[in-house]
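my_file.pdb follows (PDB, C-alpha atoms, pLDDT in the B column):
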MODEL        1
ATOM      1  CA  MET A   1      71.367  63.166 139.394  1.00 44.00           C
ATOM      2  CA  ASN A   2      71.114  66.549 137.756  1.00 45.00           C
ATOM      3  CA  MET A   3      69.191  66.006 134.564  1.00 48.00           C
ATOM      4  CA  THR A   4      67.381  68.739 132.680  1.00 55.00           C
ATOM      5  CA  MET A   5      64.026  67.905 131.204  1.00 57.00           C
ATOM      6  CA  GLN A   6      62.814  69.293 127.925  1.00 60.00           C
ATOM      7  CA  GLU A   7      59.313  70.636 127.609  1.00 62.00           C
ATOM      8  CA  MET A   8      56.891  67.861 126.734  1.00 75.00           C
ATOM      9  CA  SER A   9      54.405  70.100 124.933  1.00 78.00           C
ATOM     10  CA  PHE A  10      54.792  72.268 121.866  1.00 80.00           C
ATOM     11  CA  HIS A  11      56.510  75.567 122.488  1.00 80.00           C
ATOM     12  CA  TRP A  12      57.439  78.443 120.215  1.00 86.00           C
ATOM     13  CA  SER A  13      60.917  79.719 120.911  1.00 83.00           C
ATOM     14  CA  LYS A  14      64.368  79.739 119.363  1.00 82.00           C
ATOM     15  CA  THR A  15      65.616  77.685 122.293  1.00 82.00           C
ATOM     16  CA  ALA A  16      65.559  74.033 121.335  1.00 83.00           C
ATOM     17  CA  THR A  17      67.629  70.879 121.214  1.00 85.00           C
ATOM     18  CA  VAL A  18      67.411  69.260 117.801  1.00 87.00           C
ATOM     19  CA  LEU A  19      69.140  65.894 117.302  1.00 84.00           C
ATOM     20  CA  PHE A  20      72.346  66.813 119.166  1.00 83.00           C
ATOM     21  CA  SER A  21      72.936  68.174 122.638  1.00 85.00           C
ATOM     22  CA  GLY A  22      73.441  71.929 122.508  1.00 81.00           C
ATOM     23  CA  TRP A  23      72.309  72.272 118.905  1.00 82.00           C
ATOM     24  CA  PRO A  24      71.018  74.843 118.092  1.00 85.00           C
ATOM     25  CA  GLY A  25      71.029  76.029 121.694  1.00 82.00           C
ATOM     26  CA  GLU A  26      69.932  79.613 122.153  1.00 87.00           C
ATOM     27  CA  SER A  27      71.571  80.991 119.008  1.00 88.00           C
ATOM     28  CA  LEU A  28      69.097  82.446 116.505  1.00 91.00           C
ATOM     29  CA  PRO A  29      71.324  81.834 113.439  1.00 92.00           C
ATOM     30  CA  ARG A  30      71.838  78.182 114.432  1.00 93.00           C
ATOM     31  CA  TYR A  31      68.090  77.846 115.059  1.00 93.00           C
ATOM     32  CA  ILE A  32      67.411  79.125 111.528  1.00 94.00           C
ATOM     33  CA  TRP A  33      69.972  76.620 110.171  1.00 95.00           C
ATOM     34  CA  SER A  34      68.248  73.831 112.084  1.00 95.00           C
ATOM     35  CA  LEU A  35      64.898  74.859 110.577  1.00 96.00           C
ATOM     36  CA  LEU A  36      66.424  74.728 107.099  1.00 97.00           C
ATOM     37  CA  PHE A  37      68.104  71.390 107.861  1.00 96.00           C
ATOM     38  CA  VAL A  38      64.851  69.774 109.031  1.00 97.00           C
ATOM     39  CA  PHE A  39      63.005  71.281 106.041  1.00 98.00           C
ATOM     40  CA  MET A  40      65.562  69.826 103.622  1.00 98.00           C
ATOM     41  CA  MET A  41      65.563  66.394 105.302  1.00 97.00           C
ATOM     42  CA  ALA A  42      61.758  66.221 105.054  1.00 97.00           C
ATOM     43  CA  ALA A  43      61.788  67.323 101.403  1.00 97.00           C
ATOM     44  CA  VAL A  44      64.458  64.735 100.521  1.00 96.00           C
ATOM     45  CA  VAL A  45      62.390  62.002 102.206  1.00 96.00           C
ATOM     46  CA  GLU A  46      59.550  62.808  99.814  1.00 95.00           C
ATOM     47  CA  LEU A  47      61.857  63.077  96.803  1.00 94.00           C
ATOM     48  CA  LEU A  48      63.331  59.659  97.556  1.00 93.00           C
ATOM     49  CA  SER A  49      59.851  58.141  97.659  1.00 90.00           C
ATOM     50  CA  ILE A  50      59.736  58.170  93.847  1.00 83.00           C
ATOM     51  CA  PRO A  51      59.766  54.561  92.690  1.00 72.00           C
ATOM     52  CA  ALA A  52      62.834  53.826  90.617  1.00 60.00           C
ATOM     53  CA  ALA A  53      61.958  53.153  87.006  1.00 56.00           C
ATOM     54  CA  VAL A  54      63.833  50.046  85.944  1.00 48.00           C
ATOM     55  CA  ASP A  55      63.116  48.948  82.397  1.00 47.00           C
ATOM     56  CA  LYS A  56      63.381  45.215  81.891  1.00 50.00           C
ATOM     57  CA  GLY A  57      64.196  45.640  78.234  1.00 47.00           C
ATOM     58  CA  THR A  58      67.262  47.869  78.678  1.00 50.00           C
ATOM     59  CA  GLY A  59      69.549  45.165  80.028  1.00 56.00           C
ATOM     60  CA  THR A  60      69.557  46.331  83.668  1.00 67.00           C
ATOM     61  CA  VAL A  61      70.995  43.745  86.021  1.00 78.00           C
ATOM     62  CA  PRO A  62      68.130  42.868  88.419  1.00 82.00           C
ATOM     63  CA  THR A  63      70.450  42.268  91.371  1.00 87.00           C
ATOM     64  CA  LEU A  64      72.148  45.630  90.910  1.00 86.00           C
ATOM     65  CA  ALA A  65      68.757  47.326  90.612  1.00 82.00           C
ATOM     66  CA  ALA A  66      67.615  45.638  93.844  1.00 86.00           C
ATOM     67  CA  TYR A  67      70.766  46.781  95.685  1.00 89.00           C
ATOM     68  CA  SER A  68      70.360  50.354  94.494  1.00 88.00           C
ATOM     69  CA  ARG A  69      66.692  50.404  95.510  1.00 89.00           C
ATOM     70  CA  ALA A  70      67.593  48.990  98.927  1.00 91.00           C
ATOM     71  CA  PHE A  71      70.294  51.645  99.369  1.00 93.00           C
ATOM     72  CA  VAL A  72      67.887  54.481  98.486  1.00 92.00           C
ATOM     73  CA  TYR A  73      65.285  52.951 100.810  1.00 93.00           C
ATOM     74  CA  ALA A  74      67.798  52.827 103.673  1.00 96.00           C
ATOM     75  CA  ILE A  75      68.688  56.499 103.164  1.00 96.00           C
ATOM     76  CA  ARG A  76      65.003  57.460 103.008  1.00 96.00           C
ATOM     77  CA  ILE A  77      64.129  55.569 106.185  1.00 97.00           C
ATOM     78  CA  GLY A  78      67.180  56.959 108.013  1.00 97.00           C
ATOM     79  CA  LEU A  79      66.194  60.511 107.079  1.00 97.00           C
ATOM     80  CA  SER A  80      62.593  59.794 108.104  1.00 97.00           C
ATOM     81  CA  TYR A  81      63.776  58.740 111.556  1.00 97.00           C
ATOM     82  CA  LEU A  82      65.961  61.855 111.845  1.00 96.00           C
ATOM     83  CA  VAL A  83      62.959  64.051 111.000  1.00 97.00           C
ATOM     84  CA  MET A  84      60.901  62.175 113.593  1.00 96.00           C
ATOM     85  CA  LEU A  85      63.615  62.634 116.207  1.00 95.00           C
ATOM     86  CA  SER A  86      63.797  66.339 115.346  1.00 95.00           C
ATOM     87  CA  LEU A  87      60.086  66.610 116.060  1.00 94.00           C
ATOM     88  CA  MET A  88      60.728  65.178 119.513  1.00 92.00           C
ATOM     89  CA  SER A  89      62.114  68.618 120.415  1.00 91.00           C
ATOM     90  CA  PHE A  90      58.446  69.714 120.605  1.00 91.00           C
ATOM     91  CA  ASN A  91      59.422  73.015 119.010  1.00 93.00           C
ATOM     92  CA  GLY A  92      56.662  74.555 116.896  1.00 93.00           C
ATOM     93  CA  GLY A  93      59.091  75.992 114.354  1.00 94.00           C
ATOM     94  CA  ILE A  94      60.757  72.625 113.845  1.00 95.00           C
ATOM     95  CA  PHE A  95      57.337  71.009 113.408  1.00 96.00           C
ATOM     96  CA  ALA A  96      56.320  73.649 110.843  1.00 97.00           C
ATOM     97  CA  ALA A  97      59.621  73.225 108.960  1.00 97.00           C
ATOM     98  CA  ALA A  98      59.140  69.435 108.802  1.00 98.00           C
ATOM     99  CA  VAL A  99      55.568  69.707 107.534  1.00 98.00           C
ATOM    100  CA  ALA A 100      56.551  72.371 104.982  1.00 98.00           C
ATOM    101  CA  GLY A 101      59.458  70.223 103.774  1.00 98.00           C
ATOM    102  CA  HIS A 102      57.188  67.217 103.288  1.00 97.00           C
ATOM    103  CA  VAL A 103      54.645  69.374 101.433  1.00 97.00           C
ATOM    104  CA  VAL A 104      57.263  70.898  99.098  1.00 97.00           C
ATOM    105  CA  GLY A 105      58.841  67.506  98.406  1.00 95.00           C
ATOM    106  CA  PHE A 106      55.441  65.933  97.750  1.00 94.00           C
ATOM    107  CA  PHE A 107      54.520  68.804  95.415  1.00 95.00           C
ATOM    108  CA  ILE A 108      57.751  68.381  93.421  1.00 94.00           C
ATOM    109  CA  VAL A 109      57.192  64.618  93.102  1.00 91.00           C
ATOM    110  CA  LYS A 110      53.570  64.980  92.026  1.00 90.00           C
ATOM    111  CA  ALA A 111      54.289  67.870  89.634  1.00 90.00           C
ATOM    112  CA  ARG A 112      57.000  65.787  87.957  1.00 86.00           C
ATOM    113  CA  ALA A 113      54.639  62.799  87.670  1.00 84.00           C
ATOM    114  CA  LEU A 114      51.889  64.985  86.206  1.00 85.00           C
ATOM    115  CA  ARG A 115      54.315  66.496  83.694  1.00 85.00           C
ATOM    116  CA  ARG A 116      55.424  62.986  82.622  1.00 81.00           C
ATOM    117  CA  SER A 117      51.828  61.848  82.328  1.00 81.00           C
ATOM    118  CA  ASN A 118      50.928  64.833  80.142  1.00 78.00           C
ATOM    119  CA  HIS A 119      54.035  64.280  78.021  1.00 72.00           C
ATOM    120  CA  ASN A 120      53.155  60.597  77.525  1.00 71.00           C
ATOM    121  CA  GLN A 121      49.567  61.519  76.566  1.00 67.00           C
ATOM    122  CA  GLU A 122      50.853  64.018  73.994  1.00 65.00           C
ATOM    123  CA  GLU A 123      53.165  61.360  72.514  1.00 66.00           C
ATOM    124  CA  ASP A 124      50.261  58.914  72.325  1.00 61.00           C
ATOM    125  CA  LEU A 125      48.105  61.488  70.530  1.00 60.00           C
ATOM    126  CA  GLU A 126      50.906  62.290  68.065  1.00 65.00           C
ATOM    127  CA  SER A 127      51.524  58.613  67.300  1.00 67.00           C
ATOM    128  CA  HIS A 128      47.845  58.063  66.450  1.00 62.00           C
ATOM    129  CA  VAL A 129      47.659  61.024  64.078  1.00 59.00           C
TER
ENDMDL
END
Can I see the file as structure tokens?
Amino acid sequence: MNMTMQEMSFHWSKTATVLFSGWPGESLPRYIWSLLFVFMMAAVVELLSIPAAVDKGTGTVPTLAAYSRAFVYAIRIGLSYLVMLSLMSFNGGIFAAAVAGHVVGFFIVKARALRRSNHNQEEDLESHV
């Protein structure tokens, strides 16, 4: 049996195997694409963590809302597992890209929530005046 073993500790090189055999290989442009891909997957995981706002008074069908939430949840969990599997390459650049993607996604989610909160507070102040 001729099996090659990957390094089982973090290493910093453009040589890695991320998700698929031979990808990105030893190609620097493909390594950069894999960094961007992992970054985007991690950011999307955070963006999909926003709870869906379903208003009960707008006539939304509860079953349809539940199916759509379940679908978004399935996508989010699938992407989370792909990010986790990418980290199993033990490549430092891939790890940094995943952490940065989660941070950027979290920042976007929290900035949007803060903006909504401030907007709602302004509306409340205007309605009391």
Put a box with edges along x, y and z around all the listed atoms of range 39-52 of chain A, pad it by 5 Å on each side, then give me its centre and sizes in Å, one decimal, as JSON.
{"center_x": 62.6, "center_y": 62.6, "center_z": 98.3, "size_x": 16.0, "size_y": 27.5, "size_z": 25.4}
Run the PyMOL selection byres ((chain A and resi 104) around 12) mentally over the shown coordinates, then write out the matched residues as a ChimeraX atom specification, using the chain letters and numbers from the document. /A:39-47,97-103,105-111
Quick one: write out the picked residues with C-alpha atoms as a compact mmCIF listing (two decimals), in the frame of the given file?
# COMPACT_ATOMS: atom_id res chain seq x y z
CA PHE A 39 63.00 71.28 106.04
CA MET A 40 65.56 69.83 103.62
CA MET A 41 65.56 66.39 105.30
CA ALA A 42 61.76 66.22 105.05
CA ALA A 43 61.79 67.32 101.40
CA VAL A 44 64.46 64.74 100.52
CA VAL A 45 62.39 62.00 102.21
CA GLU A 46 59.55 62.81 99.81
CA LEU A 47 61.86 63.08 96.80
CA ALA A 97 59.62 73.22 108.96
CA ALA A 98 59.14 69.44 108.80
CA VAL A 99 55.57 69.71 107.53
CA ALA A 100 56.55 72.37 104.98
CA GLY A 101 59.46 70.22 103.77
CA HIS A 102 57.19 67.22 103.29
CA VAL A 103 54.64 69.37 101.43
CA GLY A 105 58.84 67.51 98.41
CA PHE A 106 55.44 65.93 97.75
CA PHE A 107 54.52 68.80 95.42
CA ILE A 108 57.75 68.38 93.42
CA VAL A 109 57.19 64.62 93.10
CA LYS A 110 53.57 64.98 92.03
CA ALA A 111 54.29 67.87 89.63
Residues picked by the PyMOL selection byres ((chain A and resi 18) around 6) here, as a list in words? Thr17, Leu19, Phe20, Trp23, Ser86 and Ser89 of chain A
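Picture a line from CA of Trp33 in chain A to CA of Tyr81 in chain A; it runs 19.0 Å.
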Find the residues around Ala16 in chain A up to 12 Å (all atoms listed in the file counted), leave out those fewer than 3 positions away in its own chain, and share them as a ChimeraX atom specification. /A:5-8,10-13,19-28,30-32,34-35,86-95
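Compared by their closest atoms to Leu48 in chain A, and using all atoms listed in the file, the residues A:Ser80, A:Ala66, A:Val61, A:Pro29 rank with A:Ser80 nearest.
Nearest residue to Ala74 in chain A, choosing from A:Thr15, A:Ser9, A:Asn120, A:Ser49 and counting all atoms listed in the file: A:Ser49.
For the pair CA of Leu85 in chain A and CA of Phe71 in chain A, the separation is 21.2 Å.
From CA of Pro51 in chain A back to CA of Arg76 in chain A, the distance works out to 11.9 Å.
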